[in-house]
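Trainee: This is the structure I want to talk about, given as structure tokens.
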Amino acid sequence: MSNIKRIAVFTSGGDAPGMNAAVRAVVRTAVYHDLYVFGVYRGYDGLVNGDVKRLDVGDVANIIQRGGTMLKTARSEAFRTPEGRKQAYETLVAHDIDGVVAIGGDGTYTGADIFMKEYNIPFVGLPGTIDNDIFGTDYTIGFDTAINTAVEAVDKIRDTADSHNRLFFVEVMGRHAGFIALHTGIGSGAGAIFLPELDSSIEELSETLRRSVKRQKLFNLVIVAEGNKNGDANEIASQIKERNPEFDVKVTIIGHLQRGGSPTAMDRVLASRMGHSAVKALMRGEGGVALGIINDKITFTPFKDAIGKTKSLNKDLVRMAEILAL
């Protein structure tokens, strides 16, 4: 076991449901093992500016069910500079902090990786992002909640789509990855899914729609990932309308609704497992690693791989989605 006695935890980048559950697990696991634990407010910006507070068990009571993050989050331009990182290091030294749990996505991991190369303080990363695009883990904290939110929204959109015989294009989040779109499309029974990873054709979709009309198939939902190569939902809908003026086309962008709300039980359990394991990893002397869960087992991936390698869509799921949309 290492000589870790005082650790810090922060959330960085975009918020994700379940971050609070992860913070709670870090704090309570640390206290159980007689460690001092400090919360850093507003991510790397808080490290730079010394916005740090010691946390105890009571400070994380009644937060497991809350969305967002009690520690707040922010982008930090200052931390991108050597001067800013020096200030962050001085903050850690001032509080005698031996290790850090960083909850966030690629940007968070990149910052931790750079910082560790400059200063000898171990970081363990937790994948806190709804996009599920982090290499080295099957699921990220917040993903399950995001797709449940999206599916619930699409279910409601389907009601009006059916009532008016309209064709809805529904855009979901995910940056440049199609995980949210794929799972939302399957879960909502969509007729088509536009994913950034695939070369979907507007003309092919238009032809599919025309065939569906001839078969009198009720085809009224298309899920579009925000990073799709053919453009956003408005652009794709416009092109379809141009080719098929007889269609009653509507567009809905779910947007940041997917980032908020109470986390699902799956996200609460996932975040709790990860937070608990992160503290244990620091106590063992681990550092420079991103924690994940693969096949229901805790795994560790070096930051350079978590940042540099691309997580791929499950090809079997993609093919299944195509078949079920027939």
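Just remember, in the structure tokens the first chain shown is A, the second B, etc., residues are 1-based per chain, and ligands are 1-based in the order shown.
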From a DSSP pass on the backbone, collect the residues of segment 85-322 of chain A flagged as helix (DSSP H, G or I) and hand them back as a PDB file with C-alpha atoms, in the first residue's frame.

Mentor:
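See out-v3.pdb below for the written result:
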```
ATOM      1  CA  ARG A  85      -0.581  24.302 -13.856  1.00  0.00           C
ATOM      2  CA  LYS A  86       2.126  25.588 -11.494  1.00  0.00           C
ATOM      3  CA  GLN A  87      -0.573  27.402  -9.514  1.00  0.00           C
ATOM      4  CA  ALA A  88      -2.625  24.182  -9.452  1.00  0.00           C
ATOM      5  CA  TYR A  89       0.386  22.293  -8.114  1.00  0.00           C
ATOM      6  CA  GLU A  90       0.889  24.900  -5.426  1.00  0.00           C
ATOM      7  CA  THR A  91      -2.748  24.447  -4.380  1.00  0.00           C
ATOM      8  CA  LEU A  92      -2.217  20.717  -3.957  1.00  0.00           C
ATOM      9  CA  VAL A  93       1.021  21.249  -2.035  1.00  0.00           C
ATOM     10  CA  ALA A  94      -0.634  23.814   0.240  1.00  0.00           C
ATOM     11  CA  ASP A 106     -11.088  13.272 -22.779  1.00  0.00           C
ATOM     12  CA  GLY A 107     -10.213  16.860 -21.858  1.00  0.00           C
ATOM     13  CA  THR A 108     -10.038  15.968 -18.179  1.00  0.00           C
ATOM     14  CA  TYR A 109      -7.770  13.012 -18.890  1.00  0.00           C
ATOM     15  CA  THR A 110      -5.548  15.095 -21.162  1.00  0.00           C
ATOM     16  CA  GLY A 111      -5.094  17.701 -18.433  1.00  0.00           C
ATOM     17  CA  ALA A 112      -4.284  15.015 -15.859  1.00  0.00           C
ATOM     18  CA  ASP A 113      -1.792  13.329 -18.176  1.00  0.00           C
ATOM     19  CA  ILE A 114       0.074  16.584 -18.862  1.00  0.00           C
ATOM     20  CA  PHE A 115       0.049  17.561 -15.191  1.00  0.00           C
ATOM     21  CA  MET A 116       1.447  14.211 -14.063  1.00  0.00           C
ATOM     22  CA  LYS A 117       4.348  14.523 -16.487  1.00  0.00           C
ATOM     23  CA  GLU A 118       5.241  17.872 -14.919  1.00  0.00           C
ATOM     24  CA  PHE A 143     -24.729   7.515 -20.472  1.00  0.00           C
ATOM     25  CA  ASP A 144     -27.573   5.335 -19.212  1.00  0.00           C
ATOM     26  CA  THR A 145     -29.484   8.337 -17.878  1.00  0.00           C
ATOM     27  CA  ALA A 146     -28.969  10.254 -21.121  1.00  0.00           C
ATOM     28  CA  ILE A 147     -30.364   7.495 -23.324  1.00  0.00           C
ATOM     29  CA  ASN A 148     -33.315   6.937 -20.988  1.00  0.00           C
ATOM     30  CA  THR A 149     -34.083  10.660 -21.153  1.00  0.00           C
ATOM     31  CA  ALA A 150     -33.805  10.622 -24.934  1.00  0.00           C
ATOM     32  CA  VAL A 151     -35.989   7.526 -25.338  1.00  0.00           C
ATOM     33  CA  GLU A 152     -38.657   9.015 -23.075  1.00  0.00           C
ATOM     34  CA  ALA A 153     -38.665  12.182 -25.187  1.00  0.00           C
ATOM     35  CA  VAL A 154     -38.845  10.221 -28.436  1.00  0.00           C
ATOM     36  CA  ASP A 155     -41.752   8.142 -27.099  1.00  0.00           C
ATOM     37  CA  LYS A 156     -43.694  11.364 -26.568  1.00  0.00           C
ATOM     38  CA  ILE A 157     -42.738  12.683 -29.984  1.00  0.00           C
ATOM     39  CA  ARG A 158     -43.985   9.432 -31.516  1.00  0.00           C
ATOM     40  CA  ASP A 159     -47.460  10.101 -30.123  1.00  0.00           C
ATOM     41  CA  THR A 160     -47.834  13.312 -32.093  1.00  0.00           C
ATOM     42  CA  ALA A 161     -46.039  11.832 -35.104  1.00  0.00           C
ATOM     43  CA  ASP A 162     -48.587   9.005 -35.239  1.00  0.00           C
ATOM     44  CA  SER A 163     -51.538  11.319 -34.663  1.00  0.00           C
ATOM     45  CA  HIS A 164     -50.617  13.613 -37.545  1.00  0.00           C
ATOM     46  CA  PHE A 179     -23.491   5.787 -28.972  1.00  0.00           C
ATOM     47  CA  ILE A 180     -26.437   7.852 -27.701  1.00  0.00           C
ATOM     48  CA  ALA A 181     -28.068   7.880 -31.133  1.00  0.00           C
ATOM     49  CA  LEU A 182     -27.657   4.134 -31.650  1.00  0.00           C
ATOM     50  CA  HIS A 183     -29.080   3.157 -28.260  1.00  0.00           C
ATOM     51  CA  THR A 184     -31.862   5.744 -28.484  1.00  0.00           C
ATOM     52  CA  GLY A 185     -32.800   4.542 -31.958  1.00  0.00           C
ATOM     53  CA  ILE A 186     -32.984   0.908 -30.872  1.00  0.00           C
ATOM     54  CA  GLY A 187     -34.786   1.726 -27.642  1.00  0.00           C
ATOM     55  CA  SER A 188     -37.398   3.905 -29.335  1.00  0.00           C
ATOM     56  CA  ILE A 202     -29.615  11.022 -47.854  1.00  0.00           C
ATOM     57  CA  GLU A 203     -30.716   9.493 -51.135  1.00  0.00           C
ATOM     58  CA  GLU A 204     -30.842   5.996 -49.610  1.00  0.00           C
ATOM     59  CA  LEU A 205     -32.996   7.292 -46.743  1.00  0.00           C
ATOM     60  CA  SER A 206     -35.269   9.084 -49.200  1.00  0.00           C
ATOM     61  CA  GLU A 207     -35.709   5.902 -51.202  1.00  0.00           C
ATOM     62  CA  THR A 208     -36.406   3.912 -48.024  1.00  0.00           C
ATOM     63  CA  LEU A 209     -39.083   6.410 -47.065  1.00  0.00           C
ATOM     64  CA  ARG A 210     -40.714   6.175 -50.474  1.00  0.00           C
ATOM     65  CA  ARG A 211     -40.759   2.373 -50.305  1.00  0.00           C
ATOM     66  CA  SER A 212     -42.285   2.561 -46.835  1.00  0.00           C
ATOM     67  CA  VAL A 213     -45.097   4.768 -48.112  1.00  0.00           C
ATOM     68  CA  LYS A 214     -45.848   2.271 -50.886  1.00  0.00           C
ATOM     69  CA  ALA A 233     -31.248  17.215 -38.111  1.00  0.00           C
ATOM     70  CA  ASN A 234     -32.462  20.443 -39.711  1.00  0.00           C
ATOM     71  CA  GLU A 235     -30.176  20.005 -42.721  1.00  0.00           C
ATOM     72  CA  ILE A 236     -31.111  16.362 -43.247  1.00  0.00           C
ATOM     73  CA  ALA A 237     -34.827  17.085 -42.827  1.00  0.00           C
ATOM     74  CA  SER A 238     -34.560  19.918 -45.354  1.00  0.00           C
ATOM     75  CA  GLN A 239     -32.925  17.652 -47.924  1.00  0.00           C
ATOM     76  CA  ILE A 240     -35.558  14.959 -47.423  1.00  0.00           C
ATOM     77  CA  LYS A 241     -38.354  17.527 -47.761  1.00  0.00           C
ATOM     78  CA  GLU A 242     -36.788  18.836 -50.968  1.00  0.00           C
ATOM     79  CA  ARG A 243     -36.775  15.334 -52.454  1.00  0.00           C
ATOM     80  CA  GLY A 255     -30.346  19.042 -26.577  1.00  0.00           C
ATOM     81  CA  HIS A 256     -29.220  19.579 -23.004  1.00  0.00           C
ATOM     82  CA  LEU A 257     -32.230  17.841 -21.485  1.00  0.00           C
ATOM     83  CA  GLN A 258     -30.060  14.733 -21.880  1.00  0.00           C
ATOM     84  CA  ARG A 259     -27.417  16.102 -19.532  1.00  0.00           C
ATOM     85  CA  ALA A 265     -30.095   3.290 -10.790  1.00  0.00           C
ATOM     86  CA  MET A 266     -27.540   1.910 -13.260  1.00  0.00           C
ATOM     87  CA  ASP A 267     -25.631   5.190 -13.315  1.00  0.00           C
ATOM     88  CA  ARG A 268     -25.747   5.485  -9.520  1.00  0.00           C
ATOM     89  CA  VAL A 269     -24.341   1.978  -9.069  1.00  0.00           C
ATOM     90  CA  LEU A 270     -21.762   2.428 -11.844  1.00  0.00           C
ATOM     91  CA  ALA A 271     -20.551   5.746 -10.416  1.00  0.00           C
ATOM     92  CA  SER A 272     -20.447   4.344  -6.882  1.00  0.00           C
ATOM     93  CA  ARG A 273     -18.361   1.361  -7.973  1.00  0.00           C
ATOM     94  CA  MET A 274     -15.981   3.598  -9.871  1.00  0.00           C
ATOM     95  CA  GLY A 275     -15.603   6.156  -7.082  1.00  0.00           C
ATOM     96  CA  HIS A 276     -14.933   3.442  -4.517  1.00  0.00           C
ATOM     97  CA  SER A 277     -12.394   1.725  -6.801  1.00  0.00           C
ATOM     98  CA  ALA A 278     -10.611   5.006  -7.577  1.00  0.00           C
ATOM     99  CA  VAL A 279      -9.764   5.570  -3.905  1.00  0.00           C
ATOM    100  CA  LYS A 280      -8.572   1.987  -3.532  1.00  0.00           C
ATOM    101  CA  ALA A 281      -6.405   2.437  -6.632  1.00  0.00           C
ATOM    102  CA  LEU A 282      -4.712   5.533  -5.204  1.00  0.00           C
ATOM    103  CA  MET A 283      -4.132   3.681  -1.946  1.00  0.00           C
ATOM    104  CA  PHE A 303      -4.271   7.962 -19.824  1.00  0.00           C
ATOM    105  CA  LYS A 304      -2.393   7.977 -23.141  1.00  0.00           C
ATOM    106  CA  ASP A 305      -4.518   5.062 -24.400  1.00  0.00           C
ATOM    107  CA  ALA A 306      -7.791   6.390 -22.994  1.00  0.00           C
ATOM    108  CA  ILE A 307      -7.087   9.667 -24.806  1.00  0.00           C
ATOM    109  CA  GLY A 308      -5.437   8.373 -27.977  1.00  0.00           C
ATOM    110  CA  LYS A 315     -21.146  -3.621 -35.081  1.00  0.00           C
ATOM    111  CA  ASP A 316     -23.652  -6.288 -34.051  1.00  0.00           C
ATOM    112  CA  LEU A 317     -25.877  -3.603 -32.519  1.00  0.00           C
ATOM    113  CA  VAL A 318     -25.615  -1.483 -35.666  1.00  0.00           C
ATOM    114  CA  ARG A 319     -26.611  -4.410 -37.865  1.00  0.00           C
ATOM    115  CA  MET A 320     -29.424  -5.380 -35.498  1.00  0.00           C
ATOM    116  CA  ALA A 321     -30.774  -1.815 -35.600  1.00  0.00           C
ATOM    117  CA  GLU A 322     -30.872  -1.960 -39.393  1.00  0.00           C
TER     118      GLU A 322
END
```

Trainee: Give me, as a PDB file with N, CA and C atoms, in the first residue's frame, all polymer residues having an atom no more than 7 Å from Lys250 of chain A, counting only C-alpha atoms and skipping those fewer than 5 positions away in the same chain.

Mentor:
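Written out: around_15.pdb:
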```
ATOM      1  N   LEU A 167     -43.401  12.978 -40.224  1.00  0.00           N
ATOM      2  CA  LEU A 167     -42.072  12.394 -40.192  1.00  0.00           C
ATOM      3  C   LEU A 167     -41.188  13.277 -39.314  1.00  0.00           C
ATOM      4  N   PHE A 168     -40.720  12.732 -38.198  1.00  0.00           N
ATOM      5  CA  PHE A 168     -39.905  13.502 -37.264  1.00  0.00           C
ATOM      6  C   PHE A 168     -38.439  13.106 -37.365  1.00  0.00           C
ATOM      7  N   PHE A 169     -37.587  14.119 -37.438  1.00  0.00           N
ATOM      8  CA  PHE A 169     -36.149  13.935 -37.304  1.00  0.00           C
ATOM      9  C   PHE A 169     -35.776  14.423 -35.903  1.00  0.00           C
TER      10      PHE A 169
END
```

Trainee: Hey, could you make a per-residue contact list for segment 217-279 of chain A against segment 62-77 of chain A with 7 Å as the cut-off, showing the nearest pair of atoms and its distance in Å to one decimal, counting only C-alpha atoms, sorted by chain and number, as JSON lines?

Mentor:
```
{"residue": "A:Gly260", "atom": "CA", "partner": "A:Gly67", "partner_atom": "CA", "distance": 5.7}
{"residue": "A:Gly261", "atom": "CA", "partner": "A:Gly67", "partner_atom": "CA", "distance": 5.0}
{"residue": "A:Ser262", "atom": "CA", "partner": "A:Gly67", "partner_atom": "CA", "distance": 4.8}
{"residue": "A:Pro263", "atom": "CA", "partner": "A:Gly67", "partner_atom": "CA", "distance": 6.0}
{"residue": "A:Arg268", "atom": "CA", "partner": "A:Ile64", "partner_atom": "CA", "distance": 6.8}
```

Trainee: Any idea what's packed within 6 Å of segment 192-196 of chain A, counting only C-alpha atoms, ignoring anything in its chain fewer than 5 positions away? Could you give it as a ChimeraX atom specification?

Mentor: /A:178,222-225,227-229

Trainee: For Asn230 of chain A, which residue among A:Ala190, A:Leu35, A:Val27, A:Leu198 is the nearest when counting only C-alpha atoms?

Mentor: A:Leu198

Trainee: Run DSSP on the backbone and give me the residues of segment 142-252 of chain A it puts in strand (DSSP E), as a short mmCIF file (atom, residue, chain, number, x, y, z; two decimals) with C-alpha atoms, in the first residue's frame.

Mentor:
```
data_model
loop_
_atom_site.label_atom_id
_atom_site.label_comp_id
_atom_site.auth_asym_id
_atom_site.auth_seq_id
_atom_site.Cartn_x
_atom_site.Cartn_y
_atom_site.Cartn_z
CA LEU A 167 -42.07 12.39 -40.19
CA PHE A 168 -39.91 13.50 -37.26
CA PHE A 169 -36.15 13.94 -37.30
CA VAL A 170 -34.93 13.85 -33.70
CA GLU A 171 -31.40 15.04 -32.94
CA VAL A 172 -29.58 13.69 -29.90
CA ALA A 192 -33.55 4.98 -39.25
CA ILE A 193 -30.48 6.20 -37.37
CA PHE A 194 -27.84 8.60 -38.69
CA LEU A 221 -38.95 8.58 -36.66
CA VAL A 222 -35.36 9.19 -37.70
CA ILE A 223 -32.69 9.60 -34.99
CA VAL A 224 -29.79 11.88 -35.89
CA ALA A 225 -26.53 12.10 -33.93
CA VAL A 249 -41.51 16.86 -41.94
CA LYS A 250 -40.74 18.12 -38.43
CA VAL A 251 -37.51 18.45 -36.43
CA THR A 252 -36.91 18.15 -32.69
#
```

Trainee: Go ahead and compute the interatomic distance for atom CA of Ile4 of chain A and atom CA of Ala61 of chain A, in Å to one decimal.

Mentor: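 Separating atom CA of Ile4 of chain A from atom CA of Ala61 of chain A is a distance of 24.4 Å.
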
Trainee: One number please: atom CA of Val289 of chain A to atom CA of Thr301 of chain A, in Å, one decimal.

Mentor: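 Separation of atom CA of Val289 of chain A and atom CA of Thr301 of chain A: 5.3 Å.
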